[in-house]
Amino acid sequence: MSAIWAGLALGAIYGLVALGYNIVFVSSGVFNFAHAQLLMLGTFVAFFGTVTLGLPPWLVFVLAAVVVALVAVIEERTAIRFVRSTEGLLVTTLGFATLLDGATQVIWGGEPLQVPFFGPSEVVSVAGGQVFPVELVLIGAMVLLTIVFVLVSRFSMLGIAMLAVSEDREAALMRGINVRAYAVGAFAVAGAVAGALGPLVGPKTFAVATLGTALALKGFVAMAIGGFGSAPGALIGGLAVGLIEALAGRYLGQSFATLMVFVALLAVLLFKPTGLFGHARERVV
Amino acid sequence: MNLATAARRIPSWSLPLVLAVVVALLPVLGVGSSVLRQVVLVCILALLVSGLNLSLGYAGELALGQAAIYAGGAYVSGYLGAHGQTDLLVQLVVACGVALVLGLITGIPGLRLNKWALAMVSFFLVLLVPDILDLFEEETGGRLGLTGIEPVTLFGLPLDREAFAVAVVVVTALWIVVFRNLVTSRHGTAFLVLRESPVLASSTGISVFRMKLSAYAIGALPAGIAGTLFANLDQYLSPESFGFALAVSILAASILGGSASVYGALIGAVILQLGPLQSTEFEQYALIVYGLLLLVCGVLLSSGIAGIVGRLRKKVERRWLPREQAPPYEGELLPDLDGARLSVEGLSKSFGGLHALDGVTLDARPGEVTALIGPNGSGKTTMLNMICGYYRADAGEIRLDDTVSPRAPFQVARAGVARTFQTPSIPSGITVAEAVRAGRYATEHTSFLSAVLRLPAYRRARARDLDEAARVLTLVGLQDLAHEDATSLPLGTRRLLEVARSLISRPRVLLFDEVASGLDEDEVDRLGELIRRLRDAGATIVLVEHNFRLVLALADRIHVLARGSILATGSPAEIENHPDVLREYLGTPVASAAATPGGGRDDD
């Protein structure tokens with residue numbers, strides 16, 4: 001049971017990355033490879049705020065959200081705005097991701113930094129398993145954010161407009177939707193959310209410059225399992241990836257943990273390429 | 001013979017060849033071992049980058065697993081070397097086999113899903129390298145690394161440091177020859193067509209599935225080769241050599257040098273290997289440098305250094321080495337075409353709740369122009385797409401003569417159905433003549449091997465490609481633009497290019513989708529004349545068109561589609577005065593026949 005809790009908490013992080021991909025994907029049709037690096041940056045800023053500056057928790061949240069949102073907007077301005085092709089976007093967002101990897105490594109070094117959790121840090125026993133409070137908070141945050149995302153995208157004008165942009169950019173432009181503002185806005189929101197999650201994710205994963213790549217790929221698996229563009233899919237997919245990784249690591253050996261995630265990815269792509277909650281499109285020409 | 005002609009006669013590969021010979025002679029000339037090591041490392045990186053160039057630059061597929069395939073080749077070679085099999089050729093062959101398998105496995109999602117899925121799966125493979133090495137710890141040494149690789153031999157003779165460096169340069173040069181011969185052949189153009197659009201590729205009879213598999217397989221080979229070379233460089237392998245930083249540096253070198261180029265791989269490899277990878281104090285900034293390179297080159301320098309050099313060369317050629325005008329085409333311009341009867345019976349298709357086509361029956365006969373008209377959204381283009389096999393019918397049947405039309409689009413094309421697109425689909429980075437020749441790729445099959453070795457079969461096919469392209473370009477009146485960049489053409493000329501591309505395969509059925517829109521009056525007249533000549537040559541022509549006057553002037557029979565079903569069928573004279581047609585176009589019942597549909601709301 002303890003392994004399951006650990007897996008779910010890890011899965012919540014993957015789900016959060018997938019949700020971040022979705023926010024940007026739905027609103028601007030861009031797959032932002034660097035989103036996981038934004039989350040990683042959030043953990044570093046959390047470390048900086050909590051340990052280096054000794055700020056109170058609420059200020060750390062604000063600081064991380066603002067800094068990361070700012071970086072995300074810079075990314076939109078440099079890596080996204082002037083690039084149109086899929087290949088081009090992969091190159092530039094990967095470039096931005098690598099830049100963040102390199103920059104955090106130069107600033108904070110290559111060793112993992114422990115980010116202290118602002119809440120209680122004693123292990124508690126839930127449903128027959130040992131779990132850290134921060135892990136429960138992570139799972140809760142993931143569920144909460146998914147609900148918020150679904151509500152906003154279904155019932156607010158903002159969400160419907162975002163959907164229109166992702167469906168047909170030009171048609172949305174003609175309906176008077178400020179497509180560019182939405183694109184920047186989506187990056188800012190996704191960045192702010194990623195940053196604000198830093199103080200929650202950091203205690204679980206540590207702040208380390210290699211975190212981004214692993215999170216990016218496993219977040220992508222979460223999205224592939226759940227279906228592109230689906231928030232509940234991101235939640236389920238993320239938790240599934242976390243569980244697979246934790247259980248494979250526990251029962252098959254640590255070397256199998258990531259490998260089994262890869263196997264799951266291949267299986268989904270082969271047998272259910274649209275994911276659990278995605279839907280296929282037929283029109284081609 | 002003047003200077004320009006003489007300069008053009010010098011083959012473009014002369015300079016690279018001289019360079020390769022000089023570099024191969026470096027060890028003999030007695031340069032230091034640290035220089036030799038750099039030469040070997042540049043060669044290895046160039047091999048890795050050229051594999052990426054094939055899949056990313058030419059085929060447009062984001063297969064980024066080079067670092068993992070490289071690891072596979074290196075460890076297999078290292079394992080062989082540590083177990084007595086030290087022959088370089090044997091190791092190369094085995095490593096290539098491993099590379100092929102790995103390349104195909106990572107390609108699976110690219111066959112079924114979008115480009116992002118392929119990118120992520122191939123990246124994921126890089127992430128897995130240390131874990132997999134750990135699982136086979138006994139064979140690979142796990143995280144500690146693989147030691148005990150015995151010195152490499154060739155035909156039983158040991159290769160010393162200098163001889164090994166020569167071997168590396170020769171192997172790399174040979175691969176570049178293979179790569180160059182492949183991408184400058186008709187296969188290279190076919191890859192570019194695939195990159196532009198899989199829909200376009202299949203409409204010219206290219207099997208997208210096969211082409212993608214080929215790109216993954218061939219793109220993986222140089223990574224396997226590079227692995228063998230690397231394993232024998234230090235006779236020690238560690239998982240750290242194959243990490244994410246390497247994957248990113250390969251991509252950065254490819255983008256910097258120019259992905260869609262042969263020598264760009266070398267340029268990128270030289271710059272990255274001798275630049276940021278060189279100095280140790282620079283190492284911690286390496287990721288920042290790669291990131292910036294990707295960002296800046298991705299935004300500003302989309303065709304890389306090779307692209308800049310290519311543009312400069314074109315300018316120089318235009319200014320100082322004018323091309324001689326090609327002689328006019330001498331053969332028969334329009335031989336008889338063997339048209340096939342196209343019949344559609346009870347065809348239905350829905351997208352969700354929208355009935356795009358509802359029980360449509362029509363036919364088109366050889367030696368006739370059959371026009372398909374109707375308001376926007378009436379199902380005309382859907383009809384063409386279904387004939388081409390892009391959608392599966394909910395009900396009904398499409399026949400060519402007496403056989404049921406095949407299912408896959410590329411098979412439909414090979415059965416003799418050629419088309420143009422409403423929005424012309426023209427691959428970037430090739431000339432008008434090349435774009436037209438791409439239409440003949442599947443008409444005459446040649447193997448990759450015959451292209452690489454430039455065998456007689458390939459040369460014959462290429463000669464016919466050139467001849468046929470000259471014919472159809474003359475036919476549509478574009479012969480003077482043959483060597484222009486295809487994407488630089490204005491819209492009307494692009495349409496004519498598409499017509500030429502559809503004609504080059506000597507099709508049995510021609511589908512023209514709004515082929516006259518965007519053409520000026522003069523061009524429309526010439527196009528009308530051409531369509532008449534094609535009809536008289538025996539082709540089956542289906543014309544989807546908004547230009548009502550053109551339709552009336554050209555068509556033998558007209559089918560009017562409205563809201564997914566046939567509203568009326570008849571000769572131009574019948575349709576021109578058909579009350580239902582007038583109502584559909586003008587919205588209200590019209591008493592006077594003087595109001596022609598041409599003035600209706602369908603004029604867009």
# chains A, B, ... in the order shown; residues from 1 in each chain; ligands from 1
$ interface_residues --of "chain A" --to "chain B" --cutoff "9 Å" --atoms "only C-alpha atoms" --output "MDAnalysis selection string"
chainID A and resid 31 78:80 82:83 86:103 105:106 213:214 216:218 220:221 224 254:259 262 265:266 269:270 273:274 282:285
$ residues_around --residues "stretch 15-25 of chain A" --least-positions-apart "5" --cutoff "6 Å" --atoms "only C-alpha atoms" --output "VMD selection string"
chain A and resid 30 to 31 36 186 190 219 223 229 234 to 235 238
$ select_by_dssp --residues "stretch 179-410 of chain B" --states "strand (DSSP E or B)" --output "count of residues only"
36
$ residues_around --residues "stretch 117-128 of chain A" --least-positions-apart "5" --cutoff "9 Å" --atoms "only C-alpha atoms" --output "PDB file with N, CA and C atoms, in the first residue's frame"
ATOM      1  N   MET A   1       0.831  -1.213   0.000  1.00  0.00           N
ATOM      2  CA  MET A   1       0.000   0.000   0.000  1.00  0.00           C
ATOM      3  C   MET A   1       0.865   1.263   0.000  1.00  0.00           C
ATOM      4  N   SER A   2       1.987   1.197   0.725  1.00  0.00           N
ATOM      5  CA  SER A   2       2.869   2.368   0.735  1.00  0.00           C
ATOM      6  C   SER A   2       3.375   2.655  -0.663  1.00  0.00           C
ATOM      7  N   TRP A   5       0.710   4.442  -2.594  1.00  0.00           N
ATOM      8  CA  TRP A   5       0.630   5.877  -2.254  1.00  0.00           C
ATOM      9  C   TRP A   5       1.756   6.651  -2.935  1.00  0.00           C
ATOM     10  N   THR A  50      12.414  29.353   0.034  1.00  0.00           N
ATOM     11  CA  THR A  50      12.271  28.775   1.370  1.00  0.00           C
ATOM     12  C   THR A  50      13.603  28.729   2.104  1.00  0.00           C
ATOM     13  N   PRO A  56       8.169  33.310   4.106  1.00  0.00           N
ATOM     14  CA  PRO A  56       6.998  32.536   4.554  1.00  0.00           C
ATOM     15  C   PRO A  56       6.375  31.790   3.368  1.00  0.00           C
ATOM     16  N   PRO A  57       5.719  30.646   3.647  1.00  0.00           N
ATOM     17  CA  PRO A  57       5.186  29.797   2.568  1.00  0.00           C
ATOM     18  C   PRO A  57       4.350  30.536   1.543  1.00  0.00           C
ATOM     19  N   PRO A 133       2.501  13.566   4.239  1.00  0.00           N
ATOM     20  CA  PRO A 133       1.393  14.519   4.009  1.00  0.00           C
ATOM     21  C   PRO A 133       1.515  15.214   2.649  1.00  0.00           C
ATOM     22  N   VAL A 134       2.761  15.559   2.251  1.00  0.00           N
ATOM     23  CA  VAL A 134       2.923  16.296   0.995  1.00  0.00           C
ATOM     24  C   VAL A 134       2.420  15.461  -0.184  1.00  0.00           C
ATOM     25  N   PRO A 199       6.575  24.463  -4.814  1.00  0.00           N
ATOM     26  CA  PRO A 199       6.740  24.172  -3.382  1.00  0.00           C
ATOM     27  C   PRO A 199       6.102  22.847  -2.973  1.00  0.00           C
ATOM     28  N   LEU A 200       5.186  22.300  -3.798  1.00  0.00           N
ATOM     29  CA  LEU A 200       4.563  21.005  -3.468  1.00  0.00           C
ATOM     30  C   LEU A 200       5.345  19.854  -4.099  1.00  0.00           C
ATOM     31  N   GLY A 202       8.610  19.987  -5.182  1.00  0.00           N
ATOM     32  CA  GLY A 202       9.995  19.947  -4.710  1.00  0.00           C
ATOM     33  C   GLY A 202      10.244  18.976  -3.579  1.00  0.00           C
ATOM     34  N   PRO A 203       9.423  19.009  -2.512  1.00  0.00           N
ATOM     35  CA  PRO A 203       9.668  18.083  -1.396  1.00  0.00           C
ATOM     36  C   PRO A 203       9.622  16.618  -1.815  1.00  0.00           C
ATOM     37  N   LYS A 204       8.875  16.295  -2.858  1.00  0.00           N
ATOM     38  CA  LYS A 204       8.741  14.906  -3.281  1.00  0.00           C
ATOM     39  C   LYS A 204       9.906  14.502  -4.205  1.00  0.00           C
TER      40      LYS A 204
END
$ closest_atom_pairs --of "stretch 210-267 of chain B" --to "stretch 9-21 of chain B" --cutoff "12 Å" --atoms "only C-alpha atoms" --output "tab-separated table"
residue	atom	partner	partner_atom	distance
B:Val262	CA	B:Pro16	CA	10.5
B:Tyr263	CA	B:Pro16	CA	8.3
B:Gly264	CA	B:Pro16	CA	11.7
B:Leu266	CA	B:Pro16	CA	10.1
B:Ile267	CA	B:Pro16	CA	11.4
$ residues_around --residues "B:Ile218" --least-positions-apart "4" --cutoff "8 Å" --atoms "only C-alpha atoms" --output "list in words"
Gly51, Leu54, Leu100, Ser214 and Pro222 of chain B
$ write_last_selection --atoms "N, CA and C atoms" --output "CSV table (one decimal), in the first residue's frame"
chain,number,residue,atom,x,y,z
B,51,GLY,N,22.1,10.7,-40.1
B,51,GLY,CA,21.0,9.8,-39.9
B,51,GLY,C,19.7,10.6,-39.5
B,54,LEU,N,18.3,12.5,-42.5
B,54,LEU,CA,17.5,11.8,-43.4
B,54,LEU,C,16.0,11.7,-42.8
B,100,LEU,N,19.0,-1.2,-37.2
B,100,LEU,CA,17.7,-1.4,-38.0
B,100,LEU,C,16.6,-1.7,-37.1
B,214,SER,N,11.2,3.1,-44.4
B,214,SER,CA,12.5,3.2,-45.0
B,214,SER,C,13.3,4.4,-44.3
B,222,PRO,N,23.5,4.8,-39.9
B,222,PRO,CA,24.7,5.5,-39.6
B,222,PRO,C,24.9,5.6,-38.1
$ atom_distance --atom1 "atom CA of A:Ala69" --atom2 "atom CA of A:Ala183"
13.0 Å
$ closest_residue --among "A:Val261, A:Val131, A:Val268, A:Met142" --to "A:Ala3" --atoms "only C-alpha atoms"
A:Val131
